[in-house]
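A.B. asks: Shown below is the structure under consideration.
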Amino acid sequence: MSSSAAPATRNRWGIVAAAVIMQLALGAVYAWSVFVKPLQTEHGWTVTQVSLTFTIAIFALGIGSTIGGFWMDRVGPRVVATAAGVCYGLGVLLAGFSGGNLNLLYFTYGVLGGLGMGLGYIVPVATLVKWFPDKRGLVTGLAVCGFGGGALVTAPIATELIKGNGTGPTFIVLGIAYLVMVLGAAQFYANPPQGYAPAGWIPSASVAAQRATRDFTRAEAFTRGQWYVLWSILALNVSAGIMLISQASAMAQDITKVNALTAAGLVSAISIFNFLGRIFWAWLSDFIGRRMVFIIMFALQTVLFIALANVSVFGLFLALAVIVALCYGGGFGTMPAFTADYFGPKYAGAIYGTMLTAWGVGGILGPILIAQIKDRTGGYTGALYVIAVIMALSTLLPILVHPPRVRESVQASAAPQVAS
């Protein structure tokens with residue numbers, strides 16, 4: 001494994017700042033909706049044709065995060081983050097030259113840009129869990145909050161650029177900005193020295209009890225039942241959140257009878273709470289543990305989805321929906337630290353990068369589930385009750401899962417490998 005290490009005296013909070021900047025650029029993908037109607041108007045494409053660009057990008061993100069996780073274990077975070085900036089920045093920039101060629105848009109923004117997003121997404125998460133054994137939850141929450149907030153920054157800027165220049169020039173301007181932001185942030189990444197811990201920090205007995213006794217290799221992690229339980233926890237939490245997010249405006253109009261303009265405010269509120277949830281729940285997990293956070297989030301969502309099926313006032317619907325979004329973001333903020341706790345930080349890139357396939361699976365299952373039930377019943381009530389039952393059953397997973405343990409003889413024989 002080749003990964004340059006930085007001095008232990010390095011300012012680790014500088015890496016956090018770089019992570020937030022980088023993820024703000026990568027998370028701009030969630031502002032894709034502002035391009036939909038302008039691209040339809042300019043090129044005569046259908047909503048389905050334009051929306052497929054976003055779907056391809058998210059699918060490529062999952063592939064990129066898996067590749068990036070394995071790759072950074074070999075070459076270090078800076079190289080992978082730099083490659084992410086090149087792929088993502090050029091992908092968006094070149095989309096500006098796609099003109100009326102839909103397939104070229106799919107390749108540039110979707111495939112190339114999506115791979116860059118995936119390569120970049122995993123880097124700050126896997127790097128910061130090594131620098132912050134004392135604050136794993138907080139820093140992983142900070143690392144991914146930028147991704148949740150990217151659309152809040154990009155959407156108004158892109159909207160104004162499109163009004164004045166059209167989609168092509170807007171892609172070019174944004175691509176250059178993303179290239180500069182991600183490449184600049186990438187240069188701050190480096191692994192800490194092997195076995196790094198902040199001066200004077202000693203994990204408490206309760207913290208130690210929640211963590212594995214050694215670093216697991218990638219192959220070892222994939223043979224442990226805990227990896228699949230954590231994967232399932234993430235997939236289920238994503239399914240619930242995406243189910244609501246994908247239908248938020250239409251659901252609010254159907255259930256509370258508000259107009260489309262009022263319902264659009266719900267979408268903005270959900271984005272804000274998705275951003276806040278990534279920090280809040282991850283921060284809280286440092287005090288009450290990752291298992292307890294997911295137990296609370298699943299139990300809370302059980303009640304929330306039942307309540308959503310029985311409200312008729314928009315204000316109450318809004319309050320319930322944003323708490324679901326808070327939990328949705330919380331899953332992304334908390335799971336990287338959860339994974340590092342159970343399998344160690346050394347191979348966190350590959351182990352968590354592969355776990356992000358749960359994002360793609362949950363992102364497909366949630367919208368399909370709600371669409372199928374609505375088509376059969378003619379309303380959202382049945383779907384909300386079904387997801388409430390799923391959330392209730394999901395609560396059992398964090399209750400039952402515990403860190404993987406190894407026999408002392410195995411731990412002793414593995415020690416030289418971990419220290420190498």
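In the structure tokens, the first chain shown is A, the next is B, and so on; residue numbers restart at 1 for each chain, and ligands run from 1 in the order shown.
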Counting only C-alpha atoms, which residues in range 319-358 of chain A sit no more than 9 Å from range 145-160 of chain A? For each one, give the nearest pair of atoms and the distance in Å, sorted by chain then residue number, as a tab-separated table.
C.D. replies:
residue	atom	partner	partner_atom	distance
A:Gly329	CA	A:Gly148	CA	7.5
A:Phe332	CA	A:Cys145	CA	8.7
A:Gly333	CA	A:Cys145	CA	7.3
A.B. asks: For those residues, write N, CA, C and O atoms to a file as a PDB file, in the first residue's frame.
C.D. replies:
ATOM      1  N   GLY A 329     -30.570  12.515   6.124  1.00  0.00           N
ATOM      2  CA  GLY A 329     -29.215  13.039   6.141  1.00  0.00           C
ATOM      3  C   GLY A 329     -28.382  12.425   7.242  1.00  0.00           C
ATOM      4  O   GLY A 329     -27.179  12.186   7.071  1.00  0.00           O
ATOM      5  N   PHE A 332     -26.365   9.255   6.314  1.00  0.00           N
ATOM      6  CA  PHE A 332     -25.122   9.493   5.588  1.00  0.00           C
ATOM      7  C   PHE A 332     -24.042  10.075   6.494  1.00  0.00           C
ATOM      8  O   PHE A 332     -22.854   9.817   6.300  1.00  0.00           O
ATOM      9  N   GLY A 333     -24.458  10.878   7.471  1.00  0.00           N
ATOM     10  CA  GLY A 333     -23.480  11.478   8.364  1.00  0.00           C
ATOM     11  C   GLY A 333     -22.906  10.513   9.382  1.00  0.00           C
ATOM     12  O   GLY A 333     -21.735  10.604   9.762  1.00  0.00           O
TER      13      GLY A 333
END
A.B. asks: Quick one: of A:Val86, A:Cys327, A:Ala221, A:Ile122, who's nearest to Asp73 in chain A, counting only C-alpha atoms?
C.D. replies: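 Nearest to Asp73 in chain A: A:Ile122.
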A.B. asks: Select from range 45-208 of chain A everything DSSP, run on the backbone, classes as helix (DSSP H, G or I), then give the selection as a short mmCIF file (atom, residue, chain, number, x, y, z; two decimals) with N, CA and C atoms, in the first residue's frame.
C.D. replies:
data_model
loop_
_atom_site.label_atom_id
_atom_site.label_comp_id
_atom_site.auth_asym_id
_atom_site.auth_seq_id
_atom_site.Cartn_x
_atom_site.Cartn_y
_atom_site.Cartn_z
N VAL A 47 -38.99 15.05 -20.43
CA VAL A 47 -38.56 15.04 -19.03
C VAL A 47 -37.78 13.76 -18.74
N THR A 48 -38.26 12.64 -19.25
CA THR A 48 -37.59 11.35 -19.02
C THR A 48 -36.18 11.36 -19.59
N GLN A 49 -36.03 11.89 -20.80
CA GLN A 49 -34.70 11.92 -21.44
C GLN A 49 -33.73 12.79 -20.64
N VAL A 50 -34.19 13.95 -20.21
CA VAL A 50 -33.32 14.84 -19.45
C VAL A 50 -33.00 14.26 -18.07
N SER A 51 -34.02 13.70 -17.41
CA SER A 51 -33.84 13.17 -16.05
C SER A 51 -32.91 11.97 -16.03
N LEU A 52 -32.82 11.25 -17.13
CA LEU A 52 -31.93 10.09 -17.19
C LEU A 52 -30.48 10.50 -16.97
N THR A 53 -30.13 11.73 -17.30
CA THR A 53 -28.77 12.23 -17.06
C THR A 53 -28.43 12.15 -15.57
N PHE A 54 -29.37 12.59 -14.74
CA PHE A 54 -29.18 12.56 -13.29
C PHE A 54 -29.08 11.12 -12.79
N THR A 55 -29.94 10.25 -13.30
CA THR A 55 -29.92 8.84 -12.89
C THR A 55 -28.58 8.20 -13.22
N ILE A 56 -28.07 8.47 -14.42
CA ILE A 56 -26.77 7.92 -14.81
C ILE A 56 -25.67 8.45 -13.90
N ALA A 57 -25.74 9.73 -13.56
CA ALA A 57 -24.71 10.33 -12.71
C ALA A 57 -24.70 9.69 -11.33
N ILE A 58 -25.87 9.43 -10.75
CA ILE A 58 -25.93 8.82 -9.42
C ILE A 58 -25.46 7.37 -9.48
N PHE A 59 -25.82 6.67 -10.54
CA PHE A 59 -25.35 5.29 -10.70
C PHE A 59 -23.82 5.26 -10.83
N ALA A 60 -23.28 6.18 -11.64
CA ALA A 60 -21.82 6.25 -11.82
C ALA A 60 -21.14 6.67 -10.52
N LEU A 61 -21.83 7.48 -9.70
CA LEU A 61 -21.29 7.87 -8.40
C LEU A 61 -21.03 6.63 -7.53
N GLY A 62 -21.99 5.70 -7.53
CA GLY A 62 -21.81 4.48 -6.74
C GLY A 62 -20.61 3.67 -7.21
N ILE A 63 -20.44 3.59 -8.51
CA ILE A 63 -19.29 2.86 -9.06
C ILE A 63 -17.99 3.59 -8.70
N GLY A 64 -18.01 4.91 -8.85
CA GLY A 64 -16.82 5.70 -8.55
C GLY A 64 -16.39 5.61 -7.11
N SER A 65 -17.36 5.59 -6.18
CA SER A 65 -17.01 5.52 -4.76
C SER A 65 -16.39 4.17 -4.43
N THR A 66 -16.86 3.11 -5.08
CA THR A 66 -16.27 1.79 -4.85
C THR A 66 -14.84 1.74 -5.38
N ILE A 67 -14.65 2.24 -6.60
CA ILE A 67 -13.31 2.28 -7.19
C ILE A 67 -12.39 3.16 -6.35
N GLY A 68 -12.90 4.33 -5.98
CA GLY A 68 -12.07 5.27 -5.22
C GLY A 68 -11.65 4.72 -3.88
N GLY A 69 -12.53 3.97 -3.22
CA GLY A 69 -12.19 3.39 -1.93
C GLY A 69 -11.03 2.42 -2.01
N PHE A 70 -11.07 1.53 -3.00
CA PHE A 70 -9.98 0.57 -3.18
C PHE A 70 -8.70 1.28 -3.62
N TRP A 71 -8.85 2.26 -4.52
CA TRP A 71 -7.69 2.94 -5.09
C TRP A 71 -6.95 3.77 -4.05
N MET A 72 -7.68 4.48 -3.18
CA MET A 72 -6.99 5.34 -2.22
C MET A 72 -6.24 4.53 -1.17
N ASP A 73 -6.64 3.29 -0.93
CA ASP A 73 -5.87 2.43 -0.03
C ASP A 73 -4.50 2.11 -0.62
N ARG A 74 -4.36 2.26 -1.93
CA ARG A 74 -3.09 1.96 -2.61
C ARG A 74 -2.24 3.21 -2.84
N VAL A 75 -2.88 4.30 -3.24
CA VAL A 75 -2.10 5.48 -3.66
C VAL A 75 -2.29 6.68 -2.75
N PRO A 77 -5.03 9.47 -0.46
CA PRO A 77 -6.21 10.28 -0.77
C PRO A 77 -5.98 11.41 -1.76
N ARG A 78 -4.79 12.00 -1.78
CA ARG A 78 -4.57 13.16 -2.64
C ARG A 78 -4.69 12.80 -4.12
N VAL A 79 -4.13 11.67 -4.50
CA VAL A 79 -4.18 11.25 -5.90
C VAL A 79 -5.62 11.02 -6.34
N VAL A 80 -6.38 10.32 -5.51
CA VAL A 80 -7.77 10.00 -5.86
C VAL A 80 -8.61 11.28 -5.91
N ALA A 81 -8.40 12.19 -4.95
CA ALA A 81 -9.16 13.44 -4.94
C ALA A 81 -8.82 14.29 -6.16
N THR A 82 -7.56 14.27 -6.57
CA THR A 82 -7.16 15.01 -7.77
C THR A 82 -7.82 14.44 -9.01
N ALA A 83 -7.84 13.11 -9.11
CA ALA A 83 -8.52 12.46 -10.23
C ALA A 83 -10.00 12.78 -10.23
N ALA A 84 -10.59 12.87 -9.03
CA ALA A 84 -12.00 13.21 -8.91
C ALA A 84 -12.27 14.60 -9.47
N GLY A 85 -11.39 15.55 -9.13
CA GLY A 85 -11.57 16.91 -9.63
C GLY A 85 -11.49 16.99 -11.14
N VAL A 86 -10.55 16.25 -11.73
CA VAL A 86 -10.39 16.25 -13.18
C VAL A 86 -11.63 15.65 -13.85
N CYS A 87 -12.06 14.49 -13.38
CA CYS A 87 -13.23 13.83 -13.99
C CYS A 87 -14.50 14.65 -13.82
N TYR A 88 -14.74 15.13 -12.62
CA TYR A 88 -15.97 15.87 -12.35
C TYR A 88 -15.99 17.21 -13.06
N GLY A 89 -14.91 17.98 -12.90
CA GLY A 89 -14.86 19.29 -13.52
C GLY A 89 -14.96 19.22 -15.03
N LEU A 90 -14.18 18.32 -15.64
CA LEU A 90 -14.22 18.18 -17.10
C LEU A 90 -15.56 17.63 -17.57
N GLY A 91 -16.13 16.72 -16.78
CA GLY A 91 -17.43 16.15 -17.16
C GLY A 91 -18.49 17.23 -17.29
N VAL A 92 -18.56 18.11 -16.30
CA VAL A 92 -19.56 19.19 -16.34
C VAL A 92 -19.20 20.21 -17.42
N LEU A 93 -17.92 20.55 -17.52
CA LEU A 93 -17.48 21.52 -18.52
C LEU A 93 -17.80 21.03 -19.94
N LEU A 94 -17.46 19.78 -20.21
CA LEU A 94 -17.69 19.23 -21.55
C LEU A 94 -19.17 19.06 -21.87
N ALA A 95 -19.99 18.96 -20.82
CA ALA A 95 -21.44 18.91 -21.06
C ALA A 95 -21.91 20.19 -21.74
N LEU A 102 -27.81 14.21 -27.08
CA LEU A 102 -28.21 13.70 -25.78
C LEU A 102 -27.24 12.66 -25.26
N ASN A 103 -26.75 11.79 -26.13
CA ASN A 103 -25.82 10.75 -25.70
C ASN A 103 -24.51 11.34 -25.18
N LEU A 104 -24.10 12.45 -25.78
CA LEU A 104 -22.88 13.11 -25.31
C LEU A 104 -23.11 13.72 -23.93
N LEU A 105 -24.30 14.24 -23.70
CA LEU A 105 -24.63 14.76 -22.37
C LEU A 105 -24.61 13.64 -21.35
N TYR A 106 -25.17 12.48 -21.72
CA TYR A 106 -25.17 11.33 -20.81
C TYR A 106 -23.74 10.94 -20.45
N PHE A 107 -22.84 10.96 -21.44
CA PHE A 107 -21.46 10.52 -21.18
C PHE A 107 -20.69 11.55 -20.36
N THR A 108 -20.80 12.84 -20.73
CA THR A 108 -19.99 13.86 -20.06
C THR A 108 -20.48 14.11 -18.64
N TYR A 109 -21.71 14.60 -18.51
CA TYR A 109 -22.23 14.91 -17.18
C TYR A 109 -22.54 13.64 -16.41
N GLY A 110 -23.15 12.66 -17.08
CA GLY A 110 -23.59 11.45 -16.39
C GLY A 110 -22.47 10.51 -16.00
N VAL A 111 -21.76 9.99 -17.00
CA VAL A 111 -20.74 8.97 -16.74
C VAL A 111 -19.46 9.60 -16.17
N LEU A 112 -18.86 10.55 -16.90
CA LEU A 112 -17.59 11.13 -16.47
C LEU A 112 -17.76 11.95 -15.19
N GLY A 113 -18.78 12.80 -15.18
CA GLY A 113 -19.03 13.60 -13.99
C GLY A 113 -19.42 12.75 -12.79
N GLY A 114 -20.26 11.73 -13.02
CA GLY A 114 -20.68 10.85 -11.94
C GLY A 114 -19.52 10.06 -11.34
N LEU A 115 -18.64 9.56 -12.19
CA LEU A 115 -17.46 8.85 -11.67
C LEU A 115 -16.60 9.79 -10.82
N GLY A 116 -16.45 11.04 -11.27
CA GLY A 116 -15.69 12.00 -10.49
C GLY A 116 -16.33 12.26 -9.14
N MET A 117 -17.66 12.36 -9.12
CA MET A 117 -18.36 12.54 -7.84
C MET A 117 -18.08 11.38 -6.89
N GLY A 118 -18.16 10.16 -7.40
CA GLY A 118 -17.94 8.99 -6.55
C GLY A 118 -16.52 8.91 -6.04
N LEU A 119 -15.55 9.18 -6.93
CA LEU A 119 -14.15 9.17 -6.50
C LEU A 119 -13.92 10.20 -5.40
N GLY A 120 -14.55 11.36 -5.53
CA GLY A 120 -14.35 12.42 -4.57
C GLY A 120 -15.12 12.23 -3.28
N TYR A 121 -16.31 11.65 -3.35
CA TYR A 121 -17.15 11.53 -2.16
C TYR A 121 -16.49 10.70 -1.07
N ILE A 122 -15.82 9.62 -1.46
CA ILE A 122 -15.28 8.69 -0.47
C ILE A 122 -14.01 9.22 0.18
N VAL A 123 -13.27 10.11 -0.49
CA VAL A 123 -11.96 10.54 0.01
C VAL A 123 -12.03 11.24 1.37
N PRO A 124 -12.81 12.32 1.52
CA PRO A 124 -12.81 12.99 2.83
C PRO A 124 -13.33 12.12 3.96
N VAL A 125 -14.32 11.28 3.66
CA VAL A 125 -14.89 10.40 4.68
C VAL A 125 -13.83 9.44 5.21
N ALA A 126 -13.16 8.75 4.29
CA ALA A 126 -12.18 7.74 4.68
C ALA A 126 -10.92 8.36 5.29
N THR A 127 -10.61 9.58 4.91
CA THR A 127 -9.41 10.24 5.45
C THR A 127 -9.65 10.79 6.84
N LEU A 128 -10.79 11.42 7.05
CA LEU A 128 -11.04 12.09 8.32
C LEU A 128 -11.27 11.12 9.48
N VAL A 129 -11.77 9.91 9.21
CA VAL A 129 -11.93 8.96 10.32
C VAL A 129 -10.57 8.55 10.88
N LYS A 130 -9.52 8.70 10.08
CA LYS A 130 -8.17 8.38 10.55
C LYS A 130 -7.59 9.54 11.38
N TRP A 131 -7.92 10.76 10.98
CA TRP A 131 -7.39 11.92 11.69
C TRP A 131 -8.16 12.24 12.97
N ARG A 136 -15.10 11.00 15.53
CA ARG A 136 -15.43 10.39 14.25
C ARG A 136 -16.79 10.81 13.73
N GLY A 137 -17.78 10.82 14.60
CA GLY A 137 -19.12 11.17 14.16
C GLY A 137 -19.19 12.60 13.65
N LEU A 138 -18.69 13.53 14.44
CA LEU A 138 -18.77 14.94 14.07
C LEU A 138 -18.09 15.21 12.73
N VAL A 139 -16.87 14.71 12.55
CA VAL A 139 -16.13 15.07 11.33
C VAL A 139 -16.68 14.38 10.09
N THR A 140 -17.19 13.15 10.23
CA THR A 140 -17.80 12.53 9.05
C THR A 140 -19.10 13.24 8.70
N GLY A 141 -19.80 13.74 9.72
CA GLY A 141 -20.99 14.54 9.45
C GLY A 141 -20.63 15.82 8.72
N LEU A 142 -19.56 16.48 9.16
CA LEU A 142 -19.10 17.69 8.49
C LEU A 142 -18.62 17.38 7.07
N ALA A 143 -17.98 16.21 6.92
CA ALA A 143 -17.44 15.84 5.61
C ALA A 143 -18.53 15.68 4.56
N VAL A 144 -19.69 15.16 4.97
CA VAL A 144 -20.75 14.90 3.98
C VAL A 144 -21.85 15.96 3.99
N CYS A 145 -21.81 16.88 4.96
CA CYS A 145 -22.85 17.92 4.99
C CYS A 145 -22.76 18.80 3.76
N GLY A 146 -21.54 19.01 3.28
CA GLY A 146 -21.37 19.81 2.08
C GLY A 146 -22.09 19.22 0.89
N PHE A 147 -22.10 17.90 0.81
CA PHE A 147 -22.78 17.23 -0.30
C PHE A 147 -24.28 17.50 -0.22
N GLY A 148 -24.82 17.47 1.01
CA GLY A 148 -26.23 17.76 1.19
C GLY A 148 -26.58 19.21 0.92
N GLY A 149 -25.60 20.11 1.11
CA GLY A 149 -25.87 21.53 0.92
C GLY A 149 -25.45 22.08 -0.43
N GLY A 150 -24.86 21.24 -1.26
CA GLY A 150 -24.38 21.71 -2.56
C GLY A 150 -25.47 22.33 -3.42
N ALA A 151 -26.65 21.74 -3.40
CA ALA A 151 -27.75 22.24 -4.22
C ALA A 151 -28.23 23.60 -3.73
N LEU A 152 -28.17 23.82 -2.42
CA LEU A 152 -28.63 25.10 -1.88
C LEU A 152 -27.78 26.25 -2.40
N VAL A 153 -26.48 25.99 -2.59
CA VAL A 153 -25.58 27.02 -3.10
C VAL A 153 -25.68 27.14 -4.62
N THR A 154 -25.72 25.99 -5.28
CA THR A 154 -25.62 25.97 -6.74
C THR A 154 -26.92 26.34 -7.44
N ALA A 155 -28.06 25.92 -6.91
CA ALA A 155 -29.33 26.12 -7.61
C ALA A 155 -29.60 27.58 -7.99
N PRO A 156 -29.50 28.52 -7.04
CA PRO A 156 -29.77 29.92 -7.44
C PRO A 156 -28.74 30.49 -8.40
N ILE A 157 -27.47 30.08 -8.24
CA ILE A 157 -26.42 30.56 -9.14
C ILE A 157 -26.66 30.03 -10.55
N ALA A 158 -26.92 28.73 -10.66
CA ALA A 158 -27.15 28.11 -11.96
C ALA A 158 -28.40 28.68 -12.62
N THR A 159 -29.42 28.94 -11.83
CA THR A 159 -30.66 29.50 -12.39
C THR A 159 -30.41 30.85 -13.04
N GLU A 160 -29.66 31.71 -12.38
CA GLU A 160 -29.36 33.03 -12.93
C GLU A 160 -28.47 32.92 -14.17
N LEU A 161 -27.49 32.01 -14.13
CA LEU A 161 -26.62 31.83 -15.29
C LEU A 161 -27.40 31.33 -16.50
N ILE A 162 -28.32 30.41 -16.26
CA ILE A 162 -29.13 29.87 -17.36
C ILE A 162 -30.00 30.96 -17.97
N LYS A 163 -30.58 31.81 -17.14
CA LYS A 163 -31.44 32.89 -17.64
C LYS A 163 -30.67 33.81 -18.58
N GLY A 164 -29.43 34.10 -18.23
CA GLY A 164 -28.68 35.06 -19.02
C GLY A 164 -27.88 34.47 -20.16
N ASN A 165 -27.53 33.17 -20.06
CA ASN A 165 -26.60 32.60 -21.03
C ASN A 165 -27.05 31.28 -21.67
N THR A 167 -28.04 26.94 -21.13
CA THR A 167 -27.47 25.81 -20.39
C THR A 167 -26.02 25.53 -20.75
N GLY A 168 -25.66 25.63 -22.04
CA GLY A 168 -24.30 25.30 -22.45
C GLY A 168 -23.25 26.13 -21.74
N PRO A 169 -23.28 27.45 -21.85
CA PRO A 169 -22.31 28.27 -21.13
C PRO A 169 -22.36 28.08 -19.61
N THR A 170 -23.55 27.80 -19.08
CA THR A 170 -23.65 27.57 -17.64
C THR A 170 -22.87 26.33 -17.22
N PHE A 171 -23.00 25.26 -17.98
CA PHE A 171 -22.21 24.06 -17.70
C PHE A 171 -20.71 24.37 -17.73
N ILE A 172 -20.29 25.17 -18.69
CA ILE A 172 -18.86 25.48 -18.83
C ILE A 172 -18.37 26.27 -17.62
N VAL A 173 -19.12 27.28 -17.22
CA VAL A 173 -18.73 28.09 -16.07
C VAL A 173 -18.68 27.25 -14.80
N LEU A 174 -19.73 26.44 -14.57
CA LEU A 174 -19.77 25.61 -13.38
C LEU A 174 -18.66 24.56 -13.41
N GLY A 175 -18.40 23.99 -14.58
CA GLY A 175 -17.35 22.98 -14.69
C GLY A 175 -15.99 23.54 -14.30
N ILE A 176 -15.70 24.76 -14.74
CA ILE A 176 -14.44 25.40 -14.37
C ILE A 176 -14.38 25.64 -12.86
N ALA A 177 -15.50 26.11 -12.30
CA ALA A 177 -15.55 26.37 -10.86
C ALA A 177 -15.34 25.09 -10.06
N TYR A 178 -15.99 24.01 -10.49
CA TYR A 178 -15.84 22.72 -9.79
C TYR A 178 -14.42 22.20 -9.91
N LEU A 179 -13.83 22.37 -11.08
CA LEU A 179 -12.46 21.91 -11.30
C LEU A 179 -11.51 22.61 -10.32
N VAL A 180 -11.66 23.92 -10.19
CA VAL A 180 -10.79 24.69 -9.29
C VAL A 180 -11.04 24.29 -7.83
N MET A 181 -12.31 24.19 -7.44
CA MET A 181 -12.66 23.89 -6.05
C MET A 181 -12.15 22.51 -5.62
N VAL A 182 -12.42 21.50 -6.45
CA VAL A 182 -12.06 20.13 -6.06
C VAL A 182 -10.55 19.92 -6.14
N LEU A 183 -9.92 20.42 -7.20
CA LEU A 183 -8.47 20.26 -7.31
C LEU A 183 -7.76 21.01 -6.18
N GLY A 184 -8.24 22.19 -5.83
CA GLY A 184 -7.64 22.93 -4.73
C GLY A 184 -7.78 22.20 -3.41
N ALA A 185 -8.98 21.70 -3.13
CA ALA A 185 -9.22 20.97 -1.88
C ALA A 185 -8.41 19.68 -1.82
N ALA A 186 -8.23 19.05 -2.98
CA ALA A 186 -7.53 17.75 -3.03
C ALA A 186 -6.11 17.83 -2.50
N ALA A 205 -13.97 3.70 28.22
CA ALA A 205 -14.38 2.30 28.19
C ALA A 205 -15.63 2.12 27.32
N SER A 206 -16.56 3.07 27.39
CA SER A 206 -17.78 2.95 26.60
C SER A 206 -17.49 3.09 25.11
N VAL A 207 -16.57 3.99 24.74
CA VAL A 207 -16.19 4.14 23.33
C VAL A 207 -15.48 2.88 22.85
N ALA A 208 -14.53 2.37 23.65
CA ALA A 208 -13.80 1.16 23.26
C ALA A 208 -14.73 -0.02 23.06
#
A.B. asks: What does the distance between CA of Pro193 in chain A and CA of Thr223 in chain A come to in Å, to one decimal place?
C.D. replies: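 Straight-line distance from CA of Pro193 in chain A to CA of Thr223 in chain A works out to 27.8 Å.
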A.B. asks: At what distance in Å, to one decimal, does CA of Gly330 in chain A lie from CA of Arg278 in chain A?
C.D. replies: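 Result for CA of Arg278 in chain A versus CA of Gly330 in chain A: 4.4 Å, one decimal.
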A.B. asks: Between CA of Phe317 in chain A and CA of Gln253 in chain A, measure the distance and give it in Å to one decimal.
C.D. replies: 10.6 Å
A.B. asks: Using only C-alpha atoms, pick whichever of A:Ser268, A:Gln187, A:Thr256, A:Gln247 has the shortest atom-to-atom distance to Val313 in chain A.
C.D. replies: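 Closest to Val313 in chain A, using only C-alpha atoms: A:Thr256.
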A.B. asks: Which residues come within 12 Å of Tyr385 in chain A, counting only C-alpha atoms, excluding same-chain residues fewer than 6 positions away, as a list in words?
C.D. replies: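 Counting only the stated atoms, we get Ala240, Gln301, Thr302, Val303, Leu304, Phe305, Ile306, Ala307, Leu308, Ala309, Asn310, Leu369, Ile370, Ile373, Lys374, Gly379, Met391 and Ala392 of chain A.
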A.B. asks: Store the residues of this selection in a file with N, CA and C atoms, as a PDB file, in the first residue's frame.
C.D. replies:
ATOM      1  N   ALA A 240     -36.356   5.002   2.937  1.00  0.00           N
ATOM      2  CA  ALA A 240     -37.403   5.791   3.577  1.00  0.00           C
ATOM      3  C   ALA A 240     -37.302   7.260   3.180  1.00  0.00           C
ATOM      4  N   GLN A 301     -38.902   7.536  12.761  1.00  0.00           N
ATOM      5  CA  GLN A 301     -39.513   7.512  11.434  1.00  0.00           C
ATOM      6  C   GLN A 301     -40.756   6.621  11.393  1.00  0.00           C
ATOM      7  N   THR A 302     -40.793   5.594  12.229  1.00  0.00           N
ATOM      8  CA  THR A 302     -42.004   4.780  12.323  1.00  0.00           C
ATOM      9  C   THR A 302     -43.197   5.647  12.702  1.00  0.00           C
ATOM     10  N   VAL A 303     -43.004   6.472  13.717  1.00  0.00           N
ATOM     11  CA  VAL A 303     -44.065   7.375  14.174  1.00  0.00           C
ATOM     12  C   VAL A 303     -44.355   8.449  13.126  1.00  0.00           C
ATOM     13  N   LEU A 304     -43.310   8.981  12.514  1.00  0.00           N
ATOM     14  CA  LEU A 304     -43.478  10.065  11.548  1.00  0.00           C
ATOM     15  C   LEU A 304     -44.302   9.637  10.337  1.00  0.00           C
ATOM     16  N   PHE A 305     -44.020   8.451   9.794  1.00  0.00           N
ATOM     17  CA  PHE A 305     -44.743   8.010   8.606  1.00  0.00           C
ATOM     18  C   PHE A 305     -46.201   7.672   8.916  1.00  0.00           C
ATOM     19  N   ILE A 306     -46.455   7.154  10.111  1.00  0.00           N
ATOM     20  CA  ILE A 306     -47.849   6.942  10.519  1.00  0.00           C
ATOM     21  C   ILE A 306     -48.566   8.286  10.625  1.00  0.00           C
ATOM     22  N   ALA A 307     -47.894   9.264  11.219  1.00  0.00           N
ATOM     23  CA  ALA A 307     -48.489  10.593  11.379  1.00  0.00           C
ATOM     24  C   ALA A 307     -48.727  11.259  10.023  1.00  0.00           C
ATOM     25  N   LEU A 308     -47.781  11.102   9.091  1.00  0.00           N
ATOM     26  CA  LEU A 308     -47.932  11.694   7.764  1.00  0.00           C
ATOM     27  C   LEU A 308     -49.169  11.170   7.040  1.00  0.00           C
ATOM     28  N   ALA A 309     -49.514   9.929   7.314  1.00  0.00           N
ATOM     29  CA  ALA A 309     -50.687   9.320   6.665  1.00  0.00           C
ATOM     30  C   ALA A 309     -51.993   9.847   7.242  1.00  0.00           C
ATOM     31  N   ASN A 310     -51.906  10.618   8.330  1.00  0.00           N
ATOM     32  CA  ASN A 310     -53.128  11.041   9.017  1.00  0.00           C
ATOM     33  C   ASN A 310     -53.220  12.551   9.210  1.00  0.00           C
ATOM     34  N   LEU A 369     -41.297   1.620  -4.639  1.00  0.00           N
ATOM     35  CA  LEU A 369     -42.288   1.162  -3.671  1.00  0.00           C
ATOM     36  C   LEU A 369     -43.457   2.127  -3.573  1.00  0.00           C
ATOM     37  N   ILE A 370     -43.165   3.408  -3.393  1.00  0.00           N
ATOM     38  CA  ILE A 370     -44.249   4.368  -3.227  1.00  0.00           C
ATOM     39  C   ILE A 370     -45.052   4.529  -4.514  1.00  0.00           C
ATOM     40  N   ILE A 373     -47.393   1.347  -4.955  1.00  0.00           N
ATOM     41  CA  ILE A 373     -48.528   1.329  -4.023  1.00  0.00           C
ATOM     42  C   ILE A 373     -49.523   2.428  -4.367  1.00  0.00           C
ATOM     43  N   LYS A 374     -49.016   3.601  -4.744  1.00  0.00           N
ATOM     44  CA  LYS A 374     -49.927   4.686  -5.118  1.00  0.00           C
ATOM     45  C   LYS A 374     -50.733   4.320  -6.356  1.00  0.00           C
ATOM     46  N   GLY A 379     -53.697   6.550  -3.801  1.00  0.00           N
ATOM     47  CA  GLY A 379     -53.291   7.548  -2.815  1.00  0.00           C
ATOM     48  C   GLY A 379     -51.994   7.155  -2.135  1.00  0.00           C
ATOM     49  N   MET A 391     -39.841   0.584   8.789  1.00  0.00           N
ATOM     50  CA  MET A 391     -38.999   1.303   9.744  1.00  0.00           C
ATOM     51  C   MET A 391     -39.039   0.641  11.124  1.00  0.00           C
ATOM     52  N   ALA A 392     -40.218   0.184  11.527  1.00  0.00           N
ATOM     53  CA  ALA A 392     -40.337  -0.483  12.822  1.00  0.00           C
ATOM     54  C   ALA A 392     -39.494  -1.752  12.858  1.00  0.00           C
TER      55      ALA A 392
END
